[in-house]
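Visitor: Pasting a structure below so you can have a look.
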Amino acid sequence: MKVQIITLFPEVFEEVLNNSMLWKAQDIGVVNFEVINLREFGIGPRNQVDDPPYGGGDGMLIMVKPMVEAIEFAKKKSKNAKVILPTPRGKNYVQSEAKNLASENNDLIIVCPRYEGYDERITDWVDVQYSIGNYVLTGGEIPAMVIIDSVVRLIPGVLGGEESAEKESFQSDDKSIEHPQYTRPEEFRGKKVPEVLLSGHHAEIEKWRMKNQ
Ligand SMILES: C[S@@+](CC[C@H](N)C(=O)[O-])C[C@H]1O[C@@H](n2cnc3c(N)ncnc32)[C@H](O)[C@@H]1O
């Protein structure tokens, strides 16, 4: 899966993409990331990418031309990629969306608006719009990271067997939560691990886990 990210802040992806599971996914060759600097598609001598909204209002919007040209640039490398726009106007991004994106195994292009948002005409070049929650973030970069992380860890081979996603929270129906877990020591400052987990009684442990989901 090739994942291209279009952003004004390429450097913020450096650490996130090159550590832990996202690094491993690249290492085993199931994913390949490319970060595209939207500024390179800016207009005029100052590479302008934003302008005030028609009709007035606060702040600046990402202009349609630089963003569409950046998407077209990315599409040249990845003709059938799905273009994703993180936006509060989008549908709720939940685990089943991550599962679908991982199983489709389509290449992705994720665009990251900033400032007060973007010229709505950009959405004509977008396949899907996602909101990652009912709060406002400063830009599309953190939502892009959320989407990338949640999708890539579901690509077969990325999580080892012992870290399998199957039993994790939200995996079966976007609502179910995994049971609480404990590790050593058995007691910390008077706080004890539930007795049943130390019993070695698998049926009872399973019962406790089901009850505490
Ligand atoms: C400061 S926000 C713009 C908010 C916009 N003026 C509004 O009120 O809906 C800048 C960009 O961050 C991204 N963003 C912010 N919150 C988001 C969310 N909850 N889900 C997805 N993307 C979000 C979007 O790309 C958005 O265009």
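Labels for the structure tokens follow display order: chains A, B, ..., residues from 1 in each chain, ligands from 1.
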Go through the chains and note each residue within 7 Å of ligand 1, using only C-alpha atoms and all ligand atoms, then give the set as number ranges by chain.
Guide: A: 85-89, 112-118, 130-140, 143
Visitor: Report as a PyMOL selection string all protein, DNA and RNA residues lying within 12 Å of region 148-164 of chain A, evaluated on only C-alpha atoms, omitting residues in the same chain fewer than 2 positions from it.
Guide: chain A and resi 1-5+13+16-33+84+86+93-110+132+141-146+166-171
Visitor: Could you find all residues in region 11-208 of chain A that DSSP calls helix (DSSP H, G or I) from the backbone, and write them as an MDAnalysis selection string?
Guide: chainID A and resid 11:17 20:27 38:41 64:77 95:104 120:125 141:152 161:163 195:198 202:208
Visitor: Extract, using only C-alpha atoms, all DNA, RNA and protein residues at most 10 Å from region 177-182 of chain A, discarding same-chain residues fewer than 3 positions from it, and format them as number ranges by chain.
Guide: A: 167-174, 185-186, 192-194, 197, 208-213
Visitor: Nearest to Gly44 (chain A) among A:Pro66, A:His201, A:Gly56, A:Lys207, with distances taken over only C-alpha atoms: which residue is it?
Guide: A:Pro66
Visitor: List every residue of chain A that DSSP, applied to the backbone of this structure, assigns to strand (DSSP E or B), and report them as an MDAnalysis selection string.
Guide: chainID A and resid 2:7 32:37 43 48 50:51 61:62 82:92 108:111 114 117:118 128:131 187:188 191:192
Visitor: Just the residues within 12 Å of Tyr54 (chain A), please, counting only C-alpha atoms, with nothing from its chain fewer than 4 positions along; format it as a ChimeraX atom specification.
Guide: /A:58-61,63,118-120
Visitor: For the residues selected in the previous step, produce a file with all heavy atoms as a PDB file, in the first residue's frame.
Guide:
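The result, written out as selection23.pdb:
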ATOM      1  N   ASP A  58     -13.466  34.945   9.376  1.00  0.00           N
ATOM      2  CA  ASP A  58     -12.124  34.860   9.969  1.00  0.00           C
ATOM      3  C   ASP A  58     -11.207  33.950   9.166  1.00  0.00           C
ATOM      4  O   ASP A  58     -11.664  32.996   8.548  1.00  0.00           O
ATOM      5  CB  ASP A  58     -12.220  34.273  11.380  1.00  0.00           C
ATOM      6  CG  ASP A  58     -12.872  35.260  12.336  1.00  0.00           C
ATOM      7  OD1 ASP A  58     -12.860  36.467  12.029  1.00  0.00           O
ATOM      8  OD2 ASP A  58     -13.396  34.798  13.365  1.00  0.00           O
ATOM      9  N   GLY A  59      -9.923  34.254   9.256  1.00  0.00           N
ATOM     10  CA  GLY A  59      -8.897  33.315   8.825  1.00  0.00           C
ATOM     11  C   GLY A  59      -8.765  33.130   7.339  1.00  0.00           C
ATOM     12  O   GLY A  59      -9.349  33.855   6.533  1.00  0.00           O
ATOM     13  N   MET A  60      -7.955  32.148   6.999  1.00  0.00           N
ATOM     14  CA  MET A  60      -7.610  31.866   5.609  1.00  0.00           C
ATOM     15  C   MET A  60      -8.004  30.437   5.269  1.00  0.00           C
ATOM     16  O   MET A  60      -8.074  29.574   6.144  1.00  0.00           O
ATOM     17  CB  MET A  60      -6.094  32.005   5.431  1.00  0.00           C
ATOM     18  CG  MET A  60      -5.531  33.346   5.863  1.00  0.00           C
ATOM     19  SD  MET A  60      -5.973  34.659   4.711  1.00  0.00           S
ATOM     20  CE  MET A  60      -4.569  34.606   3.601  1.00  0.00           C
ATOM     21  N   LEU A  61      -8.214  30.223   3.972  1.00  0.00           N
ATOM     22  CA  LEU A  61      -8.567  28.874   3.507  1.00  0.00           C
ATOM     23  C   LEU A  61      -7.493  28.350   2.579  1.00  0.00           C
ATOM     24  O   LEU A  61      -6.889  29.124   1.824  1.00  0.00           O
ATOM     25  CB  LEU A  61      -9.883  28.913   2.720  1.00  0.00           C
ATOM     26  CG  LEU A  61     -11.114  29.437   3.442  1.00  0.00           C
ATOM     27  CD1 LEU A  61     -12.303  29.451   2.484  1.00  0.00           C
ATOM     28  CD2 LEU A  61     -11.422  28.594   4.671  1.00  0.00           C
ATOM     29  N   MET A  63      -6.319  27.106  -0.733  1.00  0.00           N
ATOM     30  CA  MET A  63      -6.882  27.366  -2.066  1.00  0.00           C
ATOM     31  C   MET A  63      -7.027  26.063  -2.860  1.00  0.00           C
ATOM     32  O   MET A  63      -6.262  25.116  -2.656  1.00  0.00           O
ATOM     33  CB  MET A  63      -5.958  28.327  -2.834  1.00  0.00           C
ATOM     34  CG  MET A  63      -5.829  29.686  -2.169  1.00  0.00           C
ATOM     35  SD  MET A  63      -4.332  30.516  -2.749  1.00  0.00           S
ATOM     36  CE  MET A  63      -4.961  31.277  -4.223  1.00  0.00           C
ATOM     37  N   TYR A 118     -10.616  24.785   4.021  1.00  0.00           N
ATOM     38  CA  TYR A 118     -10.247  24.643   2.606  1.00  0.00           C
ATOM     39  C   TYR A 118     -11.411  25.098   1.730  1.00  0.00           C
ATOM     40  O   TYR A 118     -12.568  25.121   2.150  1.00  0.00           O
ATOM     41  CB  TYR A 118      -9.939  23.163   2.321  1.00  0.00           C
ATOM     42  CG  TYR A 118     -11.034  22.268   2.832  1.00  0.00           C
ATOM     43  CD1 TYR A 118     -12.144  21.974   2.053  1.00  0.00           C
ATOM     44  CD2 TYR A 118     -11.002  21.781   4.143  1.00  0.00           C
ATOM     45  CE1 TYR A 118     -13.186  21.213   2.535  1.00  0.00           C
ATOM     46  CE2 TYR A 118     -12.051  21.015   4.652  1.00  0.00           C
ATOM     47  CZ  TYR A 118     -13.134  20.734   3.841  1.00  0.00           C
ATOM     48  OH  TYR A 118     -14.173  19.991   4.325  1.00  0.00           O
ATOM     49  N   ASP A 119     -11.074  25.446   0.486  1.00  0.00           N
ATOM     50  CA  ASP A 119     -12.089  25.748  -0.529  1.00  0.00           C
ATOM     51  C   ASP A 119     -12.875  24.452  -0.795  1.00  0.00           C
ATOM     52  O   ASP A 119     -12.285  23.424  -1.140  1.00  0.00           O
ATOM     53  CB  ASP A 119     -11.360  26.226  -1.809  1.00  0.00           C
ATOM     54  CG  ASP A 119     -12.315  26.690  -2.898  1.00  0.00           C
ATOM     55  OD1 ASP A 119     -13.356  26.015  -3.112  1.00  0.00           O
ATOM     56  OD2 ASP A 119     -12.006  27.705  -3.556  1.00  0.00           O
ATOM     57  N   GLU A 120     -14.173  24.515  -0.636  1.00  0.00           N
ATOM     58  CA  GLU A 120     -15.021  23.314  -0.736  1.00  0.00           C
ATOM     59  C   GLU A 120     -14.865  22.593  -2.076  1.00  0.00           C
ATOM     60  O   GLU A 120     -15.098  21.383  -2.176  1.00  0.00           O
ATOM     61  CB  GLU A 120     -16.485  23.710  -0.496  1.00  0.00           C
ATOM     62  CG  GLU A 120     -17.463  22.555  -0.348  1.00  0.00           C
ATOM     63  CD  GLU A 120     -17.242  21.678   0.891  1.00  0.00           C
ATOM     64  OE1 GLU A 120     -16.622  22.148   1.879  1.00  0.00           O
ATOM     65  OE2 GLU A 120     -17.683  20.514   0.861  1.00  0.00           O
TER      66      GLU A 120
END
Visitor: Between CA of Arg39 (chain A) and CA of Ser78 (chain A), measure the distance and give it in Å to one decimal.
Guide: 20.5 Å
